[in-house]
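Data first, discussion second: the structure below is written as structure tokens.
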Amino acid sequence: MERGLYAAATGMMAQQNIQDILAQNMANSSTIGYKQDVPTFKSVHGMALRRAANGSGGGTPIGEVGIGVAPDKISVDWQIGPQVTTNSALDASLAPGQYFAIQTDRGTRYTRAGNFQVDNTGSLLTGTGLKVLDNQNRPITIAGSVPPRIEPDGAISVSGAVVARVQIVQAPNDTLVKDGDSLFAAANPTAIRPAIKPQVHPGTLEQSNVNMVSGMVRMITVSRAFEMAQRAIVTQDELLKHAANDLGRA
């Protein structure tokens, strides 16, 4: 009976974990370049069951009974988000597998969020204020008052003249890990290479790949599963109380 209580409790915790991740995804449904998280779970070590034989400790194996679940890895859904047209000169999206290089106080990071801007010092920045790197791994600074624009090959031009070139890399998905603010860190830096043929789509932005409709449906499903596990605990608690109070007097 106690095994049932434990299994139901781990089920409730698993559903709570899923709900937290879904809420995080849905909160970033309008974040440029965001990739949603996908939770996975594993079975807690089961208990082997055997049919007793002549009072010995051995017996014929029956199988295994699970005693619950536990959170496992959180995977990233690398599916490309919808592309929207903004017609802004410094907005850009990329081909699959390509990323912009960004300078942070933790080192170089990578992003698919191409909503760039220029501050009053001429620095090219991300939407969150981080400096964009050029193909020489230096922060891009643009002099003058003429508005720059990003070109299909990743060049930054002013009045038709190229003044810088955005660093664009090619990275397999399994070599990157999330680092907040739609940024990714290199889990395996040697696998990240300069993009041979950068494919930039000026005047467009890649949106979050979170689907709000399916997210809401999953939230409802998770909520009902949590309630079912909760009811299972209440039922098993009543059975235990009956066993303790009534069966002993029989």
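Scheme for the structure tokens: letters A, B, ... for chains in order shown; per-chain residue numbers from 1; ligand numbers from 1 in order shown.
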**OP:** Write out as a PyMOL selection string all residues of segment 9-229 of chain A that backbone DSSP assigns to strand (DSSP E).
**Re:** chain A and resi 37-43+47-51+60-65+69-76+83-85+92-94+98-104+107-111+117-118+124-125+131-132+149-150+155-158+161-165+168-170+176-178+183-186+193-194+200-202+204-206
**OP:** Could you give me, as a PyMOL selection string, the residues within 8 Å of Asn135 of chain A, counting only C-alpha atoms and dropping anything in the same chain fewer than 2 positions from it?
**Re:** chain A and resi 133+137-138+165-168
Write the residues of the selection above to a file with C-alpha atoms, as a PDB file, in the first residue's frame.
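Everything below was put into part-v1.pdb:
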ATOM      1  CA  LEU A 133      30.455  40.439 -32.622  1.00  0.00           C
ATOM      2  CA  ASN A 137      35.418  38.437 -32.836  1.00  0.00           C
ATOM      3  CA  ARG A 138      35.233  42.167 -32.032  1.00  0.00           C
ATOM      4  CA  ARG A 165      30.384  41.853 -41.074  1.00  0.00           C
ATOM      5  CA  VAL A 166      28.346  40.036 -38.428  1.00  0.00           C
ATOM      6  CA  GLN A 167      29.916  36.820 -37.119  1.00  0.00           C
ATOM      7  CA  ILE A 168      27.604  33.956 -38.057  1.00  0.00           C
TER       8      ILE A 168
END
Subject >> Spatial neighbours of segment 110-119 of chain A, 9 Å, only C-alpha atoms, chain gap at least 3 places, as a PyMOL selection string >> reply: chain A and resi 31-34+88+90-94+98-103+122-127+129+132+141-142+147-148+168-169+176+181-186+204-207
Output N, CA and C atoms for every residue in that selection, as a short mmCIF file (atom, residue, chain, number, x, y, z; two decimals), in the first residue's frame.
data_model
loop_
_atom_site.label_atom_id
_atom_site.label_comp_id
_atom_site.auth_asym_id
_atom_site.auth_seq_id
_atom_site.Cartn_x
_atom_site.Cartn_y
_atom_site.Cartn_z
N THR A 31 8.87 35.82 -27.19
CA THR A 31 10.30 36.12 -27.14
C THR A 31 10.96 35.73 -28.46
N ILE A 32 11.62 36.69 -29.11
CA ILE A 32 12.25 36.45 -30.40
C ILE A 32 13.30 35.34 -30.28
N GLY A 33 13.20 34.33 -31.16
CA GLY A 33 14.20 33.27 -31.23
C GLY A 33 14.16 32.26 -30.11
N TYR A 34 13.12 32.28 -29.27
CA TYR A 34 13.06 31.36 -28.13
C TYR A 34 12.78 29.93 -28.60
N SER A 88 12.35 46.10 -40.94
CA SER A 88 13.33 46.91 -40.23
C SER A 88 14.72 46.62 -40.79
N LEU A 90 17.60 46.58 -39.48
CA LEU A 90 18.52 45.82 -38.61
C LEU A 90 17.90 44.56 -38.03
N ASP A 91 16.74 44.18 -38.51
CA ASP A 91 16.16 42.90 -38.12
C ASP A 91 16.63 41.83 -39.10
N ALA A 92 16.90 40.63 -38.57
CA ALA A 92 17.37 39.55 -39.45
C ALA A 92 17.08 38.20 -38.83
N SER A 93 16.77 37.23 -39.66
CA SER A 93 16.65 35.83 -39.24
C SER A 93 17.65 35.01 -40.04
N LEU A 94 17.88 33.77 -39.59
CA LEU A 94 18.93 32.95 -40.18
C LEU A 94 18.40 31.61 -40.68
N GLN A 98 22.23 28.03 -38.02
CA GLN A 98 23.13 29.17 -37.98
C GLN A 98 22.75 30.10 -36.81
N TYR A 99 23.80 30.78 -36.26
CA TYR A 99 23.59 31.61 -35.07
C TYR A 99 24.46 32.86 -35.16
N PHE A 100 23.96 33.96 -34.58
CA PHE A 100 24.76 35.16 -34.41
C PHE A 100 25.64 35.01 -33.18
N ALA A 101 26.87 35.53 -33.23
CA ALA A 101 27.78 35.50 -32.08
C ALA A 101 27.61 36.79 -31.28
N ILE A 102 27.51 36.65 -29.96
CA ILE A 102 27.22 37.76 -29.06
C ILE A 102 28.26 37.80 -27.94
N GLN A 103 28.68 38.99 -27.55
CA GLN A 103 29.61 39.15 -26.43
C GLN A 103 28.83 39.30 -25.13
N GLY A 122 27.12 54.11 -31.13
CA GLY A 122 27.35 53.42 -32.39
C GLY A 122 27.51 51.93 -32.27
N SER A 123 27.38 51.37 -31.04
CA SER A 123 27.53 49.92 -30.85
C SER A 123 26.29 49.19 -31.36
N LEU A 124 26.52 48.09 -32.06
CA LEU A 124 25.41 47.25 -32.52
C LEU A 124 25.07 46.29 -31.39
N LEU A 125 23.82 46.32 -30.93
CA LEU A 125 23.40 45.56 -29.76
C LEU A 125 22.22 44.64 -30.09
N THR A 126 22.08 43.60 -29.26
CA THR A 126 20.89 42.75 -29.35
C THR A 126 19.72 43.48 -28.70
N GLY A 127 18.55 42.88 -28.77
CA GLY A 127 17.37 43.48 -28.15
C GLY A 127 17.49 43.60 -26.64
N GLY A 129 20.46 44.35 -25.18
CA GLY A 129 21.57 45.25 -24.87
C GLY A 129 22.95 44.64 -24.89
N VAL A 132 27.01 42.81 -30.34
CA VAL A 132 27.10 41.84 -31.44
C VAL A 132 28.54 41.80 -31.94
N THR A 141 31.04 48.40 -34.02
CA THR A 141 30.74 49.81 -33.78
C THR A 141 30.58 50.49 -35.13
N ILE A 142 29.53 51.27 -35.26
CA ILE A 142 29.21 51.93 -36.54
C ILE A 142 29.27 53.43 -36.34
N PRO A 147 21.69 55.67 -40.87
CA PRO A 147 21.25 54.37 -40.35
C PRO A 147 21.87 53.21 -41.14
N PRO A 148 22.42 52.21 -40.45
CA PRO A 148 22.98 51.04 -41.13
C PRO A 148 21.89 50.04 -41.47
N ILE A 168 28.66 34.96 -38.00
CA ILE A 168 27.60 33.96 -38.06
C ILE A 168 28.26 32.59 -38.05
N VAL A 169 27.82 31.73 -37.14
CA VAL A 169 28.43 30.42 -37.00
C VAL A 169 27.42 29.33 -37.34
N LEU A 176 25.02 22.81 -28.19
CA LEU A 176 24.61 24.05 -27.52
C LEU A 176 23.74 23.75 -26.32
N ASP A 181 17.90 34.37 -21.89
CA ASP A 181 17.71 35.48 -22.84
C ASP A 181 17.87 35.04 -24.29
N SER A 182 17.37 33.86 -24.64
CA SER A 182 17.47 33.32 -26.00
C SER A 182 18.93 33.13 -26.44
N LEU A 183 19.84 33.00 -25.47
CA LEU A 183 21.25 32.75 -25.76
C LEU A 183 21.58 31.28 -25.55
N PHE A 184 22.62 30.84 -26.25
CA PHE A 184 23.10 29.48 -26.10
C PHE A 184 24.61 29.51 -25.87
N ALA A 185 25.07 28.65 -24.97
CA ALA A 185 26.50 28.48 -24.73
C ALA A 185 26.98 27.23 -25.45
N ALA A 186 28.28 27.19 -25.73
CA ALA A 186 28.85 26.06 -26.45
C ALA A 186 29.22 24.96 -25.46
N THR A 204 13.33 40.49 -41.36
CA THR A 204 12.46 39.44 -40.81
C THR A 204 12.98 39.04 -39.43
N LEU A 205 12.12 38.41 -38.65
CA LEU A 205 12.51 37.89 -37.34
C LEU A 205 11.93 36.50 -37.13
N GLU A 206 12.72 35.63 -36.52
CA GLU A 206 12.22 34.30 -36.16
C GLU A 206 11.53 34.40 -34.80
N GLN A 207 10.28 34.01 -34.76
CA GLN A 207 9.51 34.08 -33.52
C GLN A 207 9.77 32.86 -32.64
#
Tell me, as a PDB file with N, CA and C atoms, in the first residue's frame, which residues lie within 10 Å of Lys42 of chain A, counting only C-alpha atoms; anything in the same chain fewer than 6 positions away does not count.
ATOM      1  N   GLY A  68       7.325   4.614  -9.002  1.00  0.00           N
ATOM      2  CA  GLY A  68       7.170   6.038  -9.279  1.00  0.00           C
ATOM      3  C   GLY A  68       8.044   6.518 -10.419  1.00  0.00           C
ATOM      4  N   VAL A  69       8.039   7.826 -10.608  1.00  0.00           N
ATOM      5  CA  VAL A  69       8.822   8.464 -11.665  1.00  0.00           C
ATOM      6  C   VAL A  69       9.649   9.592 -11.076  1.00  0.00           C
ATOM      7  N   ALA A  70      10.669   9.999 -11.828  1.00  0.00           N
ATOM      8  CA  ALA A  70      11.520  11.109 -11.410  1.00  0.00           C
ATOM      9  C   ALA A  70      11.903  11.920 -12.642  1.00  0.00           C
ATOM     10  N   PRO A  71      12.127  13.236 -12.487  1.00  0.00           N
ATOM     11  CA  PRO A  71      12.533  14.047 -13.636  1.00  0.00           C
ATOM     12  C   PRO A  71      13.851  13.560 -14.219  1.00  0.00           C
ATOM     13  N   ASP A  72      13.950  13.600 -15.538  1.00  0.00           N
ATOM     14  CA  ASP A  72      15.193  13.251 -16.226  1.00  0.00           C
ATOM     15  C   ASP A  72      15.693  14.511 -16.930  1.00  0.00           C
ATOM     16  N   LYS A  73      16.189  14.398 -18.116  1.00  0.00           N
ATOM     17  CA  LYS A  73      16.731  15.551 -18.838  1.00  0.00           C
ATOM     18  C   LYS A  73      15.621  16.481 -19.335  1.00  0.00           C
TER      19      LYS A  73
END
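Between atom CA of Gly154 of chain A and atom CA of Gln199 of chain A the separation is 7.6 Å.
Between atom CA of Ala143 of chain A and atom CA of Ser157 of chain A there is a distance of 11.2 Å.
The neighbours of Met228 of chain A here are the residues that come within 9 Å of it, using only C-alpha atoms and leaving out any residue fewer than 5 positions away in the same chain; they are Ala8, Met12, Ser223 and Ile233 of chain A.
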For those residues, write C-alpha atoms to a file as an mmCIF file, in the first residue's frame.
data_model
loop_
_atom_site.group_PDB
_atom_site.id
_atom_site.type_symbol
_atom_site.label_atom_id
_atom_site.label_comp_id
_atom_site.auth_asym_id
_atom_site.auth_seq_id
_atom_site.Cartn_x
_atom_site.Cartn_y
_atom_site.Cartn_z
ATOM 1 C CA ALA A 8 1.149 8.673 -6.663
ATOM 2 C CA MET A 12 2.129 14.609 -8.578
ATOM 3 C CA SER A 223 -3.777 19.693 -14.207
ATOM 4 C CA ILE A 233 -3.377 9.366 -2.479
#
Subject >> Contacts of Ala9 of chain A at 12 Å (only C-alpha atoms; same-chain gap of 6+ positions) as a ChimeraX atom specification >> reply: /A:2-3,15-16,67-70,225-234,236
Original post:
For the atom pair atom CA of Val210 of chain A and atom CA of Ala95 of chain A, what is the interatomic distance in Å to one decimal place?
Top reply: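 Computed distance, atom CA of Val210 of chain A to atom CA of Ala95 of chain A, equals 18.7 Å.
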For Met219 of chain A: contacts at 9 Å, only C-alpha atoms, fewer than 2 positions along chain excluded, given as a compact mmCIF listing (two decimals) with C-alpha atoms, in the first residue's frame:
# COMPACT_ATOMS: atom_id res chain seq x y z
CA ILE A 18 5.79 19.63 -16.33
CA GLN A 19 3.47 22.50 -15.41
CA LEU A 22 5.00 24.66 -19.72
CA ALA A 23 4.45 27.93 -17.86
CA SER A 214 -1.15 23.23 -27.70
CA GLY A 215 0.46 24.66 -24.57
CA MET A 216 -2.92 25.47 -23.04
CA VAL A 217 -4.24 21.99 -23.92
CA THR A 221 -4.10 17.69 -19.29
CA VAL A 222 -1.36 18.11 -16.68
CA SER A 223 -3.78 19.69 -14.21
CA ARG A 224 -6.18 16.76 -14.54
